[in-house]
Amino acid sequence: MKFGVIRFPGSCDDVDALLACRRVGEAVILWHADRDLQDVDCVVVPGGFSYGDYLRVGAIARFAPVMEEVAEFAHAGGLVLGICNGFQVLCEAGLLPGALLPNTSLRFIFRQVELEVVTQSSPFTGRCDPDQQLSIPVKHTTGRYYAPDDQLARMEAAEQVLLRYAPGQNPNGSLNDIAGVCNEQRNVFGLMPHPEHAVDPLTGPTGGLPIFESIRAHVTDGALV
Amino acid sequence: MADAHEGLAPVRARVLVKPKAGILDPQGQAVERALPALGFSGVRNVHVGRLIELDVEDPARLPEMCQRLLTNPLIEDYEIVEADGVNGAGSHPA
Amino acid sequence: MADAHEGLAPVRARVLVKPKAGILDPQGQAVERALPALGFSGVRNVHVGRLIELDVEDPARLPEMCQRLLTNPLIEDYEIVEADGVNGAGSHPA
Amino acid sequence: MTPSAAPATHRELGLTDAEYELIVSGLSREPAITELAMLSLMWSEHCAYKHSKKLLRRLPTEGPAVLMGPGENAGVVDVGGGLGVAFKVESHNHPSAVEPFQGAATGVGGILRDVFAVGARPIAVLDSLRFGEPAESPRSRYLLDRAVAGIGHYGNSIGVPTVGGEIYFESSYEQNCLVNAMCLGLAPHERLIRAAAAGPGNVLVLLGALTGRDGIGGASVLASAELGEADEAKRPSVQIGDPFAEKKLLECCLELLDSELLVSLQDLGAAGLTSSSSEMASKGGVGLDIDCALVPLREPGMEPFEIMVSESQERMLCVVEPEQVDAVIAVCERWETRATPIGTVTDSGRLRVSSGEEVVADLPVGILVDDCPLYDLEPAPPSEPLYAPAAAALGADAGAAETLVALLGSANLASRVPVFEQYDPVVQSRTVRRPDDADAAVLVLPTGEAIAVSIDGNGRRVACDPRRGAAEAVFECAANLACVGATPLGLTNCLNFGNPEKPHVAWQLVEAVEGIRQACLSLGVPVVGGNVSLYNEAPTGPIFPTPVIGMVGRLPDPERAGRLAFVREGDVVALIGELGAASMAGSELAKLQGAPVAGPLPGLDEDVARRAHETVRALVGSGAARSAHDIAEGGIAVALAECCVAGGLGAVVGLPVGLDPFAEAPGRAFIVSGSEEALHGLPVIGHVGGTTLSLEGVLSVEVSRLADVRRRGLERFL
Ligand SMILES: Nc1ncnc2c1ncn2[C@@H]1O[C@H](COP(=O)(O)OP(=O)(O)O)[C@@H](O)[C@H]1O
Ligand SMILES: [Mg+2]
């Protein structure tokens with residue numbers, strides 16, 4: 001299968017995402033100013049500080065030419081994974097519900113956190129062992145997930161919350177310990193933790209790998225959602 | 001529309017952006033906590049938001065700018081203040 | 001001094017904080033660059049700062065609060081606006 | 001040219017009358033305003049190294065791995081596979097004291113530019129920080145909080161991991177905090193580039209940010225001289241870092257180099273266009289004509305001298321062949337980075353600056369770069385102690401357990417997690433050992449091998465005994481590298497001292513440099529670069545003399561990179577190296593007891609120490625040692641406690657007879673753990689296991705308690 005990792009000016013974890021994707025498939029860089037998605041099966045909107053995160057995180061990146069294509073791609077059912085800043089961009093773009101607010105600590109925080117897989121029924125968690133916590137690092141200043149109560153209730157009911165911080169691990173004050181959510185169609189997924197930084201035993205725990213493997217499995221074996 | 005205004009003297013405008021009521025505002029809380037320590041008592045309901053100042057040729061487009069770029073309707077309310085006073089507020093339905 | 005005001009009806013005040021003139025304002029530049037791409041032409045001199053809203057029993061102490069906590073005098077100027085209009089600005093010597 | 005400024009302006013610009021006379025006789029005329037501004041900065045301590053240059057010549061700079069040594073923007077060592085690692089440490093002390101967040105942020109931005117100026121992609125940042133006592137000084141807590149936030153802001157935003165650092169608190173830094181930042185970069189040999197301008201007729205292109213009145217600093221007196229009555233808007237302003245702009249500038253410069261479009265490249269740092277252009281011309285033995293009216297400005301109405309000395313951040317200068325200019329501009333547009341031809345290379349050997357038609361400066365490059373007089377230091381050891389002892393925080397009668405707890409909970413030894421949690425250590429996917437995993441950070445290279453890096457310097461020990469204290473810092477860096485299995489390739493250093501015109505500070509400087517020199521020679525580690533920050537002095541006296549050493553090493557197998565934590569019950573604990581000389585002089589315990597800041601420090605048997613390093617390197621490299629940790633501040637007791645806390649395991653140890661558990665002799669001895677077979681034949685002093693750390697007949701404390709005090713020791717101030 002083929003991943004496409006978007007590169008905005010100010011993307012930082014784009015190469016990391018590329019390397020992680022290449023552990024399970026092909027992967028190419030998609031330049032923010034180009035509209036060509038190069039027939040990828042999954043678009044990754046990576047972490048970093050697109051456009052410096054000025055004004056509001058993700059606020060300016062969402063208007064990049066490539067993002068129009070990503071929106072179409074998503075509406076047509078294509079898989080889109082947003083990591084950290086990518087999650088923020090997808091929320092700003094309206095491809096995912098909710099918004100991300102400053103950490104309650106008001107500080108940037110890097111920490112290895114334990115995540116609970118809420119459900120396997122998504123293209124992004126199909127290969128995650130539900131009884132296995134994932135150890136993945138978070139690194140952000142603006143990761144407090146927020147959605148209005150009624151919307152949150154609908155999301156929980158529809159199992160749109162795919163990942164939660166394990167009890168006592170919530171690093172940023174996210175509502176309901178939410179670490180990652182998908183859209184109603186379940187083909188767009190955003191999370192604050194960085195799975196691409198948890199795929200290589202040489203550099204740390206490998207809790208991120210199952211997420212990339214789930215995507216590959218979904219695309220290649222057409223594993224059921 | 002903007003074209004119609006090319007050459008017009010631009011208006012200095014301000015957009016005041018604040019967190020929507022009811023959403024936790026740790027920045028405001030931090031300020032509220034810090035003040036007494038410095039000997040400033042009697043301060044309440046502190047909220048921290050954003051100020052955007054700009055010269056705009058066509059002020060009529062400001063609300064649109066606010067809704068599309070300058071604010072996030074889900075989490076923020078805004079108020080537009082032109083050099084000559086308040087001329088519009090926006091509290092988008094969440 | 002504040003004590004003298006205990007129990008008085010607090011005043012809703014706003015502090016508008018903006019980058020000092022001449023100081024690099026990357027945020028303002030970013031917004032100014034972004035707007036034309038969204039079809040908003042004719043926007044200039046964009047600056048992004050902070051808005052602080054607070055209920056204060058003794059508005060007379062606001063300038064002091066600004067200088068000691070709410071703003072960074074080295075790189076920011078501020079303006080105090082009370083519910084009833086502008087009542088003070090501060091531009092600290094660098 | 002505009003006639004010169006008011007008489008004696010040169011003094012306000014920091015030039016002595018004698019220096020000004022030299023300038024006048026060198027030019028056979030009075031300098032014009034713009035010339036005076038340029039010369040006063042180029043002849044400043046910061047640019048000319050007036051009081052340190054002669055001394056620095058004593059440092060050994062040769063080594064088999066050295067690809068670029070001192071003199072370039074960053075030193076470069078060969079790490080095999082056609083790759084070089086560039087690195088340098090630089091101070092941003094004063095700006096950080098004025099505005100800690102932006103000062104520290106722009107310090108990181110500046111050192112990153114030095115590294116990509118030689119064609120290397122920045123792959124890691126480290127920081128070395130010094131503040132006053134956090135328990136006593138709210139200002140020091142504020143400086144710590146903001147400086148750390150600023151470093152994180154820049155490094156995290158630009159996507160370079162912050163993989164290590166060090167922080168010490170001493171009241172001598174109360175008025176002069178130290179913020180030193182180190183950066184490492186990676187480059188294929190063929191991309192390495194020097195700053196020397198070349199090729200008369202070639203074009204000088206300014207890259208990056210607009211030029212504003214940022215950090216015009218000293219030269220601002222000219223602003224007032226020029227403007228007459230004070231004009232607020234024209235005052236120099238605090239430099240604001242824009243990591244987003246630098247990220248684009250960085251990618252842009254690397255792409256320009258990969259496409260072989262540049263003849264030479266140079267960052268703009270202190271003294272802005274003036275120093276960067278004159279350094280490029282001097283190194284290339286050429287001249288430059290610059291039209292400063294072509295420089296894109298952020299503010300209207302800037303004077304030529306302001307443009308020439310502005311320290312606006314995120315700018316680079318490059319030399320381009322005329323036929324390549326369009327290609328260069330095209331690459332820059334792709335990265336949304338401004339590229340403006342502002343001048344040409346000439347064979348005149350002069351730096352000629354015009355503002356449109358008007359010539360505002362016409363100086364021989366030599367007078368800017370070479371002619372500033374170098375001063376001899378007049379060192380004299382201080383007759384009485386320079387530094388007051390710290391207030392006693394621990395009674396002399398305190399028991400060993402109480403003492404260990406106090407040490408681990410002290411701001412200098414407590415866990416750095418509350419600080420490192422604000423830095424991204426993993427971006428770029430190279431980080432094999434993060435802060436707290438091991439004594440040095442380890443980064444895997446594209447070749448499959450790895451490099452290790454450590455930064456170290458203990459001002460108090462140098463204050464006690466400058467020569468031995470500085471040598472210890474070099475040995476301690478090497479010891480940190482040994483703990484992960486790495487062999488040193490080279491080092492960089494930042495000399496943070498007081499006023500060198502004072503004999504006792506001059507003495508500290510001379511002695512410290514001699515200590516570094518001897519340590520480098522005995523370890524065979526060359527100095528490839530560095531920085532000097534002098535006049536860190538308050539009315540109350542100078543800072544502790546603080547040479548900060550950053551050392552880079554190489555290890556063949558990242559899978560085998562060492563860790564410091566005890567990991568397995570039943571493993572034996574061995575003591576490698578000689579601690580016989582260890583003493584209380586300059587120790588953390590001496591500080592807690594309020595003892596005088598006085599030496600002498602224990603002498604160091606270099607051969608014994610070097611052999612200990614080799615033994616540990618071998619044990620780690622072969623996988624025989626499951627953990628390795630050097631014994632430094634707080635002595636063997638604290639070293640053992642750190643191994644226990646890191647692994648959540650206890651240990652039972654019998655100390656060698658006569659060894660004080662808290663005596664210090666850094667850089668020469670280690671705690672390693674491993675299976676009995678693997679460590680067979682080594683001096684075993686105990687074993688790993690249980691939930692308490694017991695030093696037989698000395699102390700016994702629950703590891704959970706040690707972990708708890710260690711965690712809270714710094715956290716409580718943030
Ligand atoms: N303490 C030192 N040891 C070795 N080299 C040094 C030291 N201080 C400065 N240098 C070298 O002198 C040159 C000028 O230093 P500096 O002005 O900091 O460079 P830049 O202007 O590029 O930041 C650099 O090559 C630097 O490596
Ligand atoms: Mg340089």
# chains A, B, ... in the order shown; residues from 1 in each chain; ligands from 1

call {"tool": "select_by_dssp", "arguments": {"residues": "region 80-257 of chain D", "states": "helix (DSSP H, G or I)", "output": "count of residues only"}}
result
79

call {"tool": "residues_around", "arguments": {"residues": "Pro10 (chain C)", "least_positions_apart": "5", "cutoff": "7 Å", "atoms": "only C-alpha atoms", "output": "list of chain:residue names"}}
result
C:Asp55, C:Val56, C:Glu57

call {"tool": "write_last_selection", "arguments": {"atoms": "N, CA, C and O atoms", "output": "PDB file, in the first residue's frame"}}
result
ATOM      1  N   ASP C  55     -12.700  41.386  36.010  1.00  0.00           N
ATOM      2  CA  ASP C  55     -13.477  42.226  36.927  1.00  0.00           C
ATOM      3  C   ASP C  55     -12.525  42.712  37.993  1.00  0.00           C
ATOM      4  O   ASP C  55     -11.896  41.902  38.679  1.00  0.00           O
ATOM      5  N   VAL C  56     -12.423  44.029  38.138  1.00  0.00           N
ATOM      6  CA  VAL C  56     -11.479  44.563  39.106  1.00  0.00           C
ATOM      7  C   VAL C  56     -12.175  45.574  40.013  1.00  0.00           C
ATOM      8  O   VAL C  56     -12.911  46.439  39.549  1.00  0.00           O
ATOM      9  N   GLU C  57     -11.937  45.406  41.334  1.00  0.00           N
ATOM     10  CA  GLU C  57     -12.604  46.302  42.285  1.00  0.00           C
ATOM     11  C   GLU C  57     -11.974  47.684  42.268  1.00  0.00           C
ATOM     12  O   GLU C  57     -12.631  48.693  42.502  1.00  0.00           O
TER      13      GLU C  57
END

call {"tool": "atom_distance", "arguments": {"atom1": "CA of Asp376 (chain D)", "atom2": "CA of Leu39 (chain D)"}}
result
20.9 Å

call {"tool": "interface_residues", "arguments": {"of": "chain C", "to": "chain B", "cutoff": "10 Å", "atoms": "only C-alpha atoms", "output": "number ranges by chain"}}
result
C: 1-3, 5-8, 10-18, 27-28, 31-32, 34-35, 38-59, 61-62, 64-65, 68-70, 85

call {"tool": "write_last_selection", "arguments": {"atoms": "C-alpha atoms", "output": "PDB file, in the first residue's frame"}}
result
ATOM      1  CA  MET C   1      -5.584  50.636  48.752  1.00  0.00           C
ATOM      2  CA  ALA C   2      -7.440  47.692  47.284  1.00  0.00           C
ATOM      3  CA  ASP C   3      -8.962  47.100  50.710  1.00  0.00           C
ATOM      4  CA  HIS C   5     -12.485  49.060  47.618  1.00  0.00           C
ATOM      5  CA  GLU C   6     -13.537  45.737  49.079  1.00  0.00           C
ATOM      6  CA  GLY C   7     -17.227  45.256  48.484  1.00  0.00           C
ATOM      7  CA  LEU C   8     -17.445  47.913  45.804  1.00  0.00           C
ATOM      8  CA  PRO C  10     -16.231  45.526  40.480  1.00  0.00           C
ATOM      9  CA  VAL C  11     -15.592  47.130  37.096  1.00  0.00           C
ATOM     10  CA  ARG C  12     -15.284  44.963  33.994  1.00  0.00           C
ATOM     11  CA  ALA C  13     -12.069  45.986  32.306  1.00  0.00           C
ATOM     12  CA  ARG C  14     -10.090  44.914  29.282  1.00  0.00           C
ATOM     13  CA  VAL C  15      -6.381  45.053  28.730  1.00  0.00           C
ATOM     14  CA  LEU C  16      -5.311  45.045  25.111  1.00  0.00           C
ATOM     15  CA  VAL C  17      -1.727  43.885  24.768  1.00  0.00           C
ATOM     16  CA  LYS C  18       0.171  44.249  21.520  1.00  0.00           C
ATOM     17  CA  GLN C  27       2.026  36.091  14.072  1.00  0.00           C
ATOM     18  CA  GLY C  28       0.884  39.306  12.464  1.00  0.00           C
ATOM     19  CA  VAL C  31      -1.992  36.297   9.221  1.00  0.00           C
ATOM     20  CA  GLU C  32      -1.221  39.034   6.719  1.00  0.00           C
ATOM     21  CA  ALA C  34      -2.638  34.062   4.796  1.00  0.00           C
ATOM     22  CA  LEU C  35      -5.542  36.443   4.139  1.00  0.00           C
ATOM     23  CA  LEU C  38      -8.416  33.248   1.162  1.00  0.00           C
ATOM     24  CA  GLY C  39      -9.571  36.021  -1.146  1.00  0.00           C
ATOM     25  CA  PHE C  40      -9.343  38.813   1.418  1.00  0.00           C
ATOM     26  CA  SER C  41      -7.371  41.554  -0.280  1.00  0.00           C
ATOM     27  CA  GLY C  42      -6.575  45.014   0.997  1.00  0.00           C
ATOM     28  CA  VAL C  43      -5.524  44.074   4.512  1.00  0.00           C
ATOM     29  CA  ARG C  44      -2.363  45.648   5.978  1.00  0.00           C
ATOM     30  CA  ASN C  45      -0.419  46.165   9.204  1.00  0.00           C
ATOM     31  CA  VAL C  46      -1.769  43.086  10.901  1.00  0.00           C
ATOM     32  CA  HIS C  47      -0.621  42.630  14.470  1.00  0.00           C
ATOM     33  CA  VAL C  48      -1.550  39.868  16.865  1.00  0.00           C
ATOM     34  CA  GLY C  49      -1.538  40.423  20.596  1.00  0.00           C
ATOM     35  CA  ARG C  50      -3.453  39.359  23.683  1.00  0.00           C
ATOM     36  CA  LEU C  51      -6.761  40.344  25.209  1.00  0.00           C
ATOM     37  CA  ILE C  52      -7.221  40.142  28.967  1.00  0.00           C
ATOM     38  CA  GLU C  53     -10.676  40.635  30.460  1.00  0.00           C
ATOM     39  CA  LEU C  54     -11.159  40.967  34.195  1.00  0.00           C
ATOM     40  CA  ASP C  55     -13.477  42.226  36.927  1.00  0.00           C
ATOM     41  CA  VAL C  56     -11.479  44.563  39.106  1.00  0.00           C
ATOM     42  CA  GLU C  57     -12.604  46.302  42.285  1.00  0.00           C
ATOM     43  CA  ASP C  58      -9.957  48.999  42.053  1.00  0.00           C
ATOM     44  CA  PRO C  59      -9.368  49.985  38.421  1.00  0.00           C
ATOM     45  CA  ARG C  61      -4.399  49.591  40.083  1.00  0.00           C
ATOM     46  CA  LEU C  62      -4.749  48.254  36.533  1.00  0.00           C
ATOM     47  CA  GLU C  64       0.430  48.545  37.922  1.00  0.00           C
ATOM     48  CA  MET C  65      -0.988  45.083  37.214  1.00  0.00           C
ATOM     49  CA  ARG C  68       4.042  43.810  36.831  1.00  0.00           C
ATOM     50  CA  LEU C  69       2.172  40.791  35.504  1.00  0.00           C
ATOM     51  CA  LEU C  70      -0.141  41.170  32.563  1.00  0.00           C
ATOM     52  CA  GLY C  85     -14.336  53.334  27.338  1.00  0.00           C
TER      53      GLY C  85
END

call {"tool": "closest_residue", "arguments": {"among": "C:Leu74, C:Cys66, C:Ala83, C:Ala37", "to": "chain A", "atoms": "only C-alpha atoms"}}
result
C:Ala37

call {"tool": "interface_residues", "arguments": {"of": "chain A", "to": "chain B", "cutoff": "9 Å", "atoms": "only C-alpha atoms", "output": "PyMOL selection string"}}
result
chain A and resi 55-56+59-60+92+98-99+101-106+146-148

call {"tool": "write_last_selection", "arguments": {"atoms": "all heavy atoms", "output": "short mmCIF file (atom, residue, chain, number, x, y, z; two decimals), in the first residue's frame"}}
result
data_model
loop_
_atom_site.label_atom_id
_atom_site.label_comp_id
_atom_site.auth_asym_id
_atom_site.auth_seq_id
_atom_site.Cartn_x
_atom_site.Cartn_y
_atom_site.Cartn_z
N LEU A 55 -1.20 32.38 15.13
CA LEU A 55 -2.63 32.66 15.27
C LEU A 55 -3.29 31.58 16.12
O LEU A 55 -3.62 31.81 17.27
CB LEU A 55 -3.33 32.77 13.90
CG LEU A 55 -4.78 33.25 13.97
CD1 LEU A 55 -4.86 34.67 14.52
CD2 LEU A 55 -5.46 33.15 12.61
N ARG A 56 -3.48 30.38 15.54
CA ARG A 56 -4.06 29.23 16.25
C ARG A 56 -3.47 27.99 15.63
O ARG A 56 -3.28 27.96 14.41
CB ARG A 56 -5.58 29.17 15.98
CG ARG A 56 -6.47 29.55 17.09
CD ARG A 56 -7.94 29.30 16.79
NE ARG A 56 -8.27 28.96 15.43
CZ ARG A 56 -8.55 29.84 14.48
NH1 ARG A 56 -8.53 31.13 14.73
NH2 ARG A 56 -8.82 29.45 13.25
N ALA A 59 -4.49 26.58 12.16
CA ALA A 59 -5.47 27.48 11.55
C ALA A 59 -5.10 27.85 10.11
O ALA A 59 -5.97 27.96 9.25
CB ALA A 59 -5.60 28.75 12.39
N ILE A 60 -3.82 28.03 9.88
CA ILE A 60 -3.40 28.50 8.55
C ILE A 60 -3.14 27.31 7.62
O ILE A 60 -3.50 27.33 6.45
CB ILE A 60 -2.17 29.43 8.68
CG1 ILE A 60 -2.56 30.68 9.46
CG2 ILE A 60 -1.63 29.81 7.30
CD1 ILE A 60 -1.43 31.66 9.73
N GLU A 92 -9.42 21.89 12.64
CA GLU A 92 -9.63 23.23 12.08
C GLU A 92 -10.32 23.13 10.73
O GLU A 92 -11.14 23.97 10.37
CB GLU A 92 -8.30 23.97 11.94
CG GLU A 92 -7.79 24.59 13.25
CD GLU A 92 -8.47 25.91 13.58
OE1 GLU A 92 -8.99 26.58 12.65
OE2 GLU A 92 -8.51 26.28 14.78
N GLY A 98 -14.59 18.66 17.09
CA GLY A 98 -13.91 19.16 18.27
C GLY A 98 -12.76 20.09 17.96
O GLY A 98 -12.57 20.53 16.82
N ALA A 99 -12.01 20.40 18.98
CA ALA A 99 -10.88 21.32 18.86
C ALA A 99 -9.86 20.98 19.93
O ALA A 99 -10.15 20.26 20.89
CB ALA A 99 -11.35 22.76 19.03
N LEU A 101 -7.15 22.57 22.68
CA LEU A 101 -6.90 23.78 23.47
C LEU A 101 -5.57 23.64 24.21
O LEU A 101 -5.04 22.53 24.32
CB LEU A 101 -8.04 23.97 24.47
CG LEU A 101 -9.42 24.22 23.84
CD1 LEU A 101 -10.52 24.02 24.86
CD2 LEU A 101 -9.47 25.62 23.26
N PRO A 102 -5.06 24.75 24.73
CA PRO A 102 -3.78 24.68 25.45
C PRO A 102 -3.84 23.69 26.62
O PRO A 102 -4.86 23.59 27.30
CB PRO A 102 -3.60 26.10 25.98
CG PRO A 102 -4.40 26.96 25.06
CD PRO A 102 -5.57 26.11 24.63
N ASN A 103 -2.75 22.95 26.83
CA ASN A 103 -2.66 22.05 27.97
C ASN A 103 -3.01 22.82 29.25
O ASN A 103 -2.66 23.99 29.37
CB ASN A 103 -1.22 21.52 28.13
CG ASN A 103 -0.76 20.77 26.89
OD1 ASN A 103 -1.56 20.46 26.01
ND2 ASN A 103 0.54 20.52 26.82
N THR A 104 -3.64 22.14 30.18
CA THR A 104 -3.97 22.85 31.43
C THR A 104 -2.69 23.35 32.11
O THR A 104 -2.71 24.35 32.80
CB THR A 104 -4.74 21.92 32.39
OG1 THR A 104 -4.11 20.65 32.37
CG2 THR A 104 -6.18 21.76 31.95
N SER A 105 -1.57 22.68 31.89
CA SER A 105 -0.30 23.13 32.50
C SER A 105 0.24 24.37 31.78
O SER A 105 1.18 25.00 32.25
CB SER A 105 0.75 22.02 32.38
OG SER A 105 1.11 21.86 31.01
N LEU A 106 -0.34 24.70 30.63
CA LEU A 106 0.12 25.80 29.79
C LEU A 106 1.56 25.62 29.33
O LEU A 106 2.19 26.55 28.85
CB LEU A 106 -0.01 27.14 30.53
CG LEU A 106 -1.44 27.55 30.91
CD1 LEU A 106 -1.43 28.83 31.74
CD2 LEU A 106 -2.29 27.74 29.66
N TYR A 146 -11.29 19.08 23.19
CA TYR A 146 -12.56 19.66 23.63
C TYR A 146 -13.62 19.47 22.55
O TYR A 146 -13.34 19.61 21.35
CB TYR A 146 -12.42 21.16 23.90
CG TYR A 146 -13.77 21.85 24.03
CD1 TYR A 146 -14.46 21.85 25.25
CD2 TYR A 146 -14.37 22.46 22.93
CE1 TYR A 146 -15.69 22.45 25.37
CE2 TYR A 146 -15.62 23.07 23.04
CZ TYR A 146 -16.28 23.06 24.25
OH TYR A 146 -17.51 23.64 24.36
N ALA A 147 -14.82 19.10 22.99
CA ALA A 147 -16.00 19.17 22.12
C ALA A 147 -17.18 19.47 23.04
O ALA A 147 -17.18 19.05 24.21
CB ALA A 147 -16.20 17.87 21.37
N PRO A 148 -18.16 20.19 22.54
CA PRO A 148 -19.33 20.51 23.37
C PRO A 148 -20.00 19.23 23.86
O PRO A 148 -19.97 18.21 23.17
CB PRO A 148 -20.25 21.27 22.41
CG PRO A 148 -19.36 21.77 21.32
CD PRO A 148 -18.25 20.78 21.18
#

call {"tool": "residues_near_ligand", "arguments": {"ligand": "ligand 1", "cutoff": "9 Å", "atoms": "only C-alpha atoms and all ligand atoms", "output": "ChimeraX atom specification"}}
result
/D:46-49,52-53,56-57,59,61,69-75,88-91,110-111,113-115,117,266-271,275-276,279,491-495,513,527-533,547

call {"tool": "interface_residues", "arguments": {"of": "chain D", "to": "chain A", "cutoff": "10 Å", "atoms": "only C-alpha atoms", "output": "number ranges by chain"}}
result
D: 149, 152-153, 156-160, 242-248, 251, 334-336, 417-434, 442-444, 558-561

call {"tool": "atom_distance", "arguments": {"atom1": "CA of Ala197 (chain D)", "atom2": "CA of Thr106 (chain D)"}}
result
26.0 Å

call {"tool": "decode", "arguments": {"residues": "region 364-369 of chain D", "atoms": "all heavy atoms", "output": "PDB file, in the first residue's frame"}}
result
ATOM      1  N   PRO D 364      39.418  49.069   4.721  1.00  0.00           N
ATOM      2  CA  PRO D 364      40.168  47.853   4.416  1.00  0.00           C
ATOM      3  C   PRO D 364      39.629  46.729   5.292  1.00  0.00           C
ATOM      4  O   PRO D 364      39.402  46.942   6.498  1.00  0.00           O
ATOM      5  CB  PRO D 364      41.606  48.194   4.811  1.00  0.00           C
ATOM      6  CG  PRO D 364      41.633  49.614   5.200  1.00  0.00           C
ATOM      7  CD  PRO D 364      40.239  50.104   5.351  1.00  0.00           C
ATOM      8  N   VAL D 365      39.380  45.556   4.705  1.00  0.00           N
ATOM      9  CA  VAL D 365      38.827  44.441   5.482  1.00  0.00           C
ATOM     10  C   VAL D 365      39.702  44.150   6.699  1.00  0.00           C
ATOM     11  O   VAL D 365      39.218  43.871   7.787  1.00  0.00           O
ATOM     12  CB  VAL D 365      38.692  43.185   4.577  1.00  0.00           C
ATOM     13  CG1 VAL D 365      38.384  41.963   5.434  1.00  0.00           C
ATOM     14  CG2 VAL D 365      37.609  43.413   3.538  1.00  0.00           C
ATOM     15  N   GLY D 366      41.012  44.301   6.490  1.00  0.00           N
ATOM     16  CA  GLY D 366      41.961  43.992   7.564  1.00  0.00           C
ATOM     17  C   GLY D 366      41.715  44.794   8.828  1.00  0.00           C
ATOM     18  O   GLY D 366      41.811  44.278   9.941  1.00  0.00           O
ATOM     19  N   ILE D 367      41.378  46.073   8.660  1.00  0.00           N
ATOM     20  CA  ILE D 367      41.220  46.902   9.870  1.00  0.00           C
ATOM     21  C   ILE D 367      40.018  46.432  10.677  1.00  0.00           C
ATOM     22  O   ILE D 367      39.988  46.512  11.903  1.00  0.00           O
ATOM     23  CB  ILE D 367      41.115  48.402   9.512  1.00  0.00           C
ATOM     24  CG1 ILE D 367      41.411  49.265  10.746  1.00  0.00           C
ATOM     25  CG2 ILE D 367      39.739  48.754   8.965  1.00  0.00           C
ATOM     26  CD1 ILE D 367      41.542  50.742  10.459  1.00  0.00           C
ATOM     27  N   LEU D 368      39.037  45.877   9.991  1.00  0.00           N
ATOM     28  CA  LEU D 368      37.837  45.378  10.677  1.00  0.00           C
ATOM     29  C   LEU D 368      38.126  44.066  11.401  1.00  0.00           C
ATOM     30  O   LEU D 368      37.725  43.863  12.539  1.00  0.00           O
ATOM     31  CB  LEU D 368      36.711  45.162   9.664  1.00  0.00           C
ATOM     32  CG  LEU D 368      35.997  46.403   9.151  1.00  0.00           C
ATOM     33  CD1 LEU D 368      35.342  46.129   7.807  1.00  0.00           C
ATOM     34  CD2 LEU D 368      34.977  46.895  10.166  1.00  0.00           C
ATOM     35  N   VAL D 369      38.839  43.176  10.722  1.00  0.00           N
ATOM     36  CA  VAL D 369      38.948  41.795  11.209  1.00  0.00           C
ATOM     37  C   VAL D 369      40.244  41.520  11.968  1.00  0.00           C
ATOM     38  O   VAL D 369      40.242  40.812  12.976  1.00  0.00           O
ATOM     39  CB  VAL D 369      38.822  40.812  10.025  1.00  0.00           C
ATOM     40  CG1 VAL D 369      38.971  39.373  10.498  1.00  0.00           C
ATOM     41  CG2 VAL D 369      37.494  41.012   9.314  1.00  0.00           C
TER      42      VAL D 369
END
